[in-house]
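Here is the structure we will look at.
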Amino acid sequence: MASIWRLYLRVLEKHPWKTQAVSTGVLCWTGDTLAQLAIEKKPLNHFDLVRNARFAAVGLLFIGPTLRTWYLMLERICGTTGRTVGLQKMCLDQVLFAPIFLSNFIMLMGFLQGQQWPDIKKNWKTDFQPVLLANYKIWPAVQVINFYFVPFQHRILVVNCVAVGWNTYLAWKANEGYERSLLQKESWKDP
């Protein structure tokens, strides 16, 4: 295990963007797998590989790069030293970043699921507030610890580890809205 950690650190040092994007994609894949098998209790023969790949791709191409960019911006805006730096970063993260990021995430997932704009808006109206409130129950404490005690290059990994549970919730919530809109469309077709 120690050799895997050393390898990860070497790759992270040489290729921080790629490493953080790939690790985010893998952990999003893990979160969706847990959502399907543990929360939704889908049998393996009903496991949705397309959904799973979609969520992993969102982690790889959207979440990982977005987090890396945001953390670099926080370093520039707030600096790296001082007693209140961690608290400043957490406040900016939760007041500015979280609502914008979660809005974009909900809409992106709807788009990638092939939903029409009216369905995406409806699911956003249904899901945004509960998702944001759930975010506020977890992430402020995680981010205070992260910003005060974790070196910059490991912050996304810490977030990703905590996010396995969070991604499980997001995967379930994102697909709950999708399935809800499919059921509504089916009920409209029935005479």
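Simple scheme: letters A, B, ... for chains in structure tokens order, numbers from 1 for residues in each chain, numbers from 1 for ligands in the order shown.
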
* **Residues within 8 Å of segment 120-133 of chain A, only C-alpha atoms, excluding chain neighbours under 2 positions, as a VMD selection string** => chain A and resid 98 to 99 102 to 103 106 to 107 110 to 111 115 to 118 135 to 137 170 173 177 to 178 181

* Quick one: of A:Arg54, A:Lys41, A:Arg10, A:His46, who's nearest to Gly25 of chain A, counting only C-alpha atoms? ->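 For Gly25 of chain A, the nearest of the candidates is A:Arg54.
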
* Select, from A:Ala2, A:Val95, A:Ala56, A:Leu87, the residue with the minimum atom-to-atom distance to Val26 of chain A, counting only C-alpha atoms. =>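 Of A:Ala2, A:Val95, A:Ala56, A:Leu87, the one nearest Val26 of chain A, counting only C-alpha atoms, is A:Ala56.
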
Mind checking which residues fall within 10 Å of Ala163 of chain A, counting only C-alpha atoms, ignoring those fewer than 2 positions away in the same chain, and posting them as an mmCIF file with all heavy atoms, in the first residue's frame?
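Below you can see selection.cif, which holds the result:
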```
data_model
loop_
_atom_site.group_PDB
_atom_site.id
_atom_site.type_symbol
_atom_site.label_atom_id
_atom_site.label_comp_id
_atom_site.auth_asym_id
_atom_site.auth_seq_id
_atom_site.Cartn_x
_atom_site.Cartn_y
_atom_site.Cartn_z
ATOM 1 N N THR A 24 -10.677 11.880 -9.453
ATOM 2 C CA THR A 24 -12.054 12.323 -9.271
ATOM 3 C C THR A 24 -13.010 11.461 -10.092
ATOM 4 O O THR A 24 -14.069 11.060 -9.605
ATOM 5 C CB THR A 24 -12.209 13.811 -9.643
ATOM 6 O OG1 THR A 24 -11.307 14.580 -8.852
ATOM 7 C CG2 THR A 24 -13.626 14.300 -9.405
ATOM 8 N N LEU A 27 -13.426 8.103 -8.368
ATOM 9 C CA LEU A 27 -14.252 8.183 -7.165
ATOM 10 C C LEU A 27 -15.712 8.517 -7.490
ATOM 11 O O LEU A 27 -16.615 8.091 -6.765
ATOM 12 C CB LEU A 27 -13.643 9.156 -6.169
ATOM 13 C CG LEU A 27 -12.341 8.592 -5.557
ATOM 14 C CD1 LEU A 27 -11.576 9.665 -4.804
ATOM 15 C CD2 LEU A 27 -12.609 7.405 -4.677
ATOM 16 N N CYS A 28 -15.971 9.216 -8.571
ATOM 17 C CA CYS A 28 -17.357 9.416 -9.012
ATOM 18 C C CYS A 28 -17.947 8.088 -9.493
ATOM 19 O O CYS A 28 -19.099 7.761 -9.199
ATOM 20 C CB CYS A 28 -17.435 10.465 -10.119
ATOM 21 S SG CYS A 28 -17.275 12.148 -9.524
ATOM 22 N N THR A 30 -17.071 5.198 -8.395
ATOM 23 C CA THR A 30 -17.313 4.448 -7.160
ATOM 24 C C THR A 30 -18.605 4.909 -6.496
ATOM 25 O O THR A 30 -19.408 4.088 -6.042
ATOM 26 C CB THR A 30 -16.124 4.625 -6.187
ATOM 27 O OG1 THR A 30 -14.931 4.183 -6.847
ATOM 28 C CG2 THR A 30 -16.318 3.841 -4.911
ATOM 29 N N GLY A 31 -18.809 6.227 -6.437
ATOM 30 C CA GLY A 31 -20.020 6.761 -5.825
ATOM 31 C C GLY A 31 -21.279 6.298 -6.535
ATOM 32 O O GLY A 31 -22.268 5.914 -5.893
ATOM 33 N N ILE A 138 -22.427 18.837 5.417
ATOM 34 C CA ILE A 138 -21.181 18.058 5.330
ATOM 35 C C ILE A 138 -19.953 18.929 5.073
ATOM 36 O O ILE A 138 -18.954 18.861 5.778
ATOM 37 C CB ILE A 138 -21.291 17.019 4.189
ATOM 38 C CG1 ILE A 138 -22.410 16.036 4.459
ATOM 39 C CG2 ILE A 138 -19.963 16.293 3.970
ATOM 40 C CD1 ILE A 138 -22.787 15.196 3.253
ATOM 41 N N TRP A 139 -20.033 19.730 4.005
ATOM 42 C CA TRP A 139 -18.828 20.330 3.445
ATOM 43 C C TRP A 139 -18.195 21.474 4.234
ATOM 44 O O TRP A 139 -16.969 21.609 4.196
ATOM 45 C CB TRP A 139 -19.074 20.716 1.987
ATOM 46 C CG TRP A 139 -19.185 19.473 1.168
ATOM 47 C CD1 TRP A 139 -20.302 18.939 0.625
ATOM 48 C CD2 TRP A 139 -18.131 18.557 0.875
ATOM 49 N NE1 TRP A 139 -20.008 17.766 -0.013
ATOM 50 C CE2 TRP A 139 -18.674 17.500 0.126
ATOM 51 C CE3 TRP A 139 -16.763 18.529 1.176
ATOM 52 C CZ2 TRP A 139 -17.927 16.430 -0.331
ATOM 53 C CZ3 TRP A 139 -16.009 17.464 0.708
ATOM 54 C CH2 TRP A 139 -16.582 16.432 -0.035
ATOM 55 N N ILE A 156 -7.715 18.013 -3.018
ATOM 56 C CA ILE A 156 -8.722 17.373 -3.870
ATOM 57 C C ILE A 156 -8.853 15.904 -3.505
ATOM 58 O O ILE A 156 -9.967 15.361 -3.498
ATOM 59 C CB ILE A 156 -8.406 17.579 -5.368
ATOM 60 C CG1 ILE A 156 -8.575 19.060 -5.715
ATOM 61 C CG2 ILE A 156 -9.301 16.710 -6.253
ATOM 62 C CD1 ILE A 156 -8.213 19.430 -7.123
ATOM 63 N N LEU A 157 -7.756 15.247 -3.136
ATOM 64 C CA LEU A 157 -7.836 13.850 -2.712
ATOM 65 C C LEU A 157 -8.677 13.725 -1.447
ATOM 66 O O LEU A 157 -9.513 12.817 -1.338
ATOM 67 C CB LEU A 157 -6.440 13.269 -2.489
ATOM 68 C CG LEU A 157 -6.396 11.799 -2.072
ATOM 69 C CD1 LEU A 157 -7.018 10.914 -3.146
ATOM 70 C CD2 LEU A 157 -4.957 11.383 -1.788
ATOM 71 N N VAL A 158 -8.485 14.618 -0.488
ATOM 72 C CA VAL A 158 -9.301 14.598 0.734
ATOM 73 C C VAL A 158 -10.770 14.795 0.376
ATOM 74 O O VAL A 158 -11.647 14.052 0.829
ATOM 75 C CB VAL A 158 -8.827 15.671 1.743
ATOM 76 C CG1 VAL A 158 -9.836 15.865 2.867
ATOM 77 C CG2 VAL A 158 -7.464 15.302 2.305
ATOM 78 N N VAL A 159 -11.038 15.797 -0.452
ATOM 79 C CA VAL A 159 -12.408 16.051 -0.885
ATOM 80 C C VAL A 159 -12.964 14.822 -1.611
ATOM 81 O O VAL A 159 -14.105 14.416 -1.382
ATOM 82 C CB VAL A 159 -12.476 17.314 -1.773
ATOM 83 C CG1 VAL A 159 -13.796 17.411 -2.513
ATOM 84 C CG2 VAL A 159 -12.240 18.549 -0.927
ATOM 85 N N ASN A 160 -12.162 14.199 -2.459
ATOM 86 C CA ASN A 160 -12.629 13.032 -3.201
ATOM 87 C C ASN A 160 -12.933 11.853 -2.282
ATOM 88 O O ASN A 160 -13.891 11.118 -2.520
ATOM 89 C CB ASN A 160 -11.604 12.614 -4.252
ATOM 90 C CG ASN A 160 -11.628 13.506 -5.465
ATOM 91 O OD1 ASN A 160 -12.597 14.210 -5.718
ATOM 92 N ND2 ASN A 160 -10.551 13.504 -6.220
ATOM 93 N N CYS A 161 -12.119 11.678 -1.257
ATOM 94 C CA CYS A 161 -12.378 10.569 -0.319
ATOM 95 C C CYS A 161 -13.689 10.790 0.425
ATOM 96 O O CYS A 161 -14.503 9.879 0.545
ATOM 97 C CB CYS A 161 -11.208 10.405 0.646
ATOM 98 S SG CYS A 161 -9.747 9.734 -0.175
ATOM 99 N N GLY A 165 -18.977 9.194 -0.427
ATOM 100 C CA GLY A 165 -20.330 9.220 0.136
ATOM 101 C C GLY A 165 -21.184 10.298 -0.504
ATOM 102 O O GLY A 165 -22.348 10.074 -0.841
ATOM 103 N N TRP A 166 -20.620 11.478 -0.676
ATOM 104 C CA TRP A 166 -21.341 12.594 -1.294
ATOM 105 C C TRP A 166 -21.718 12.258 -2.737
ATOM 106 O O TRP A 166 -22.833 12.522 -3.174
ATOM 107 C CB TRP A 166 -20.483 13.854 -1.223
ATOM 108 C CG TRP A 166 -21.091 15.058 -1.865
ATOM 109 C CD1 TRP A 166 -20.639 15.701 -2.979
ATOM 110 C CD2 TRP A 166 -22.263 15.774 -1.452
ATOM 111 N NE1 TRP A 166 -21.456 16.771 -3.270
ATOM 112 C CE2 TRP A 166 -22.464 16.832 -2.344
ATOM 113 C CE3 TRP A 166 -23.172 15.613 -0.409
ATOM 114 C CZ2 TRP A 166 -23.514 17.728 -2.248
ATOM 115 C CZ3 TRP A 166 -24.220 16.505 -0.302
ATOM 116 C CH2 TRP A 166 -24.385 17.548 -1.213
ATOM 117 N N ASN A 167 -20.783 11.663 -3.492
ATOM 118 C CA ASN A 167 -21.062 11.289 -4.877
ATOM 119 C C ASN A 167 -22.139 10.214 -4.957
ATOM 120 O O ASN A 167 -22.924 10.187 -5.909
ATOM 121 C CB ASN A 167 -19.794 10.813 -5.584
ATOM 122 C CG ASN A 167 -18.819 11.930 -5.813
ATOM 123 O OD1 ASN A 167 -19.176 13.103 -5.784
ATOM 124 N ND2 ASN A 167 -17.568 11.586 -6.013
ATOM 125 N N THR A 168 -22.163 9.333 -3.968
ATOM 126 C CA THR A 168 -23.220 8.332 -3.905
ATOM 127 C C THR A 168 -24.567 9.031 -3.800
ATOM 128 O O THR A 168 -25.513 8.715 -4.526
ATOM 129 C CB THR A 168 -22.992 7.382 -2.713
ATOM 130 O OG1 THR A 168 -21.712 6.754 -2.866
ATOM 131 C CG2 THR A 168 -24.067 6.324 -2.619
ATOM 132 N N TYR A 169 -24.632 10.029 -2.919
ATOM 133 C CA TYR A 169 -25.862 10.818 -2.753
ATOM 134 C C TYR A 169 -26.202 11.582 -4.039
ATOM 135 O O TYR A 169 -27.343 11.557 -4.501
ATOM 136 C CB TYR A 169 -25.691 11.779 -1.576
ATOM 137 C CG TYR A 169 -26.793 12.816 -1.468
ATOM 138 C CD1 TYR A 169 -28.048 12.474 -0.981
ATOM 139 C CD2 TYR A 169 -26.578 14.128 -1.867
ATOM 140 C CE1 TYR A 169 -29.060 13.419 -0.892
ATOM 141 C CE2 TYR A 169 -27.582 15.080 -1.787
ATOM 142 C CZ TYR A 169 -28.826 14.717 -1.298
ATOM 143 O OH TYR A 169 -29.817 15.647 -1.218
ATOM 144 N N LEU A 170 -25.205 12.266 -4.627
ATOM 145 C CA LEU A 170 -25.457 13.044 -5.848
ATOM 146 C C LEU A 170 -25.896 12.150 -7.007
ATOM 147 O O LEU A 170 -26.797 12.512 -7.763
ATOM 148 C CB LEU A 170 -24.212 13.837 -6.260
ATOM 149 C CG LEU A 170 -23.896 15.091 -5.472
ATOM 150 C CD1 LEU A 170 -22.622 15.737 -6.011
ATOM 151 C CD2 LEU A 170 -25.040 16.083 -5.492
#
```

* Leaving out Met90 of chain A and any residue of its chain fewer than 5 positions from it, which residues lie within 8 Å of it when counting only C-alpha atoms, given as a count of residues only? -> 4

* To do: Could you tell me how far atom CA of Pro65 of chain A lies from atom CA of Ala21 of chain A, in Å and to one decimal?
  =>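 That distance, rounded to one decimal, is 5.9 Å.
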
* Structure fact -> Shortest contact to Trp17 of chain A, candidates A:Phe62, A:Trp5, A:Trp172, A:Phe55, atoms counted only C-alpha atoms, goes to A:Phe62

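Atom pair atom CA of Val22 of chain A / atom CA of Ala57 of chain A has a distance of 9.3 Å (rounded to one decimal).
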
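Each of A:Asn146, A:Arg51, A:Met1, A:Gln153 was checked against His15 of chain A using only C-alpha atoms; the smallest atom-to-atom distance is that of A:Gln153.
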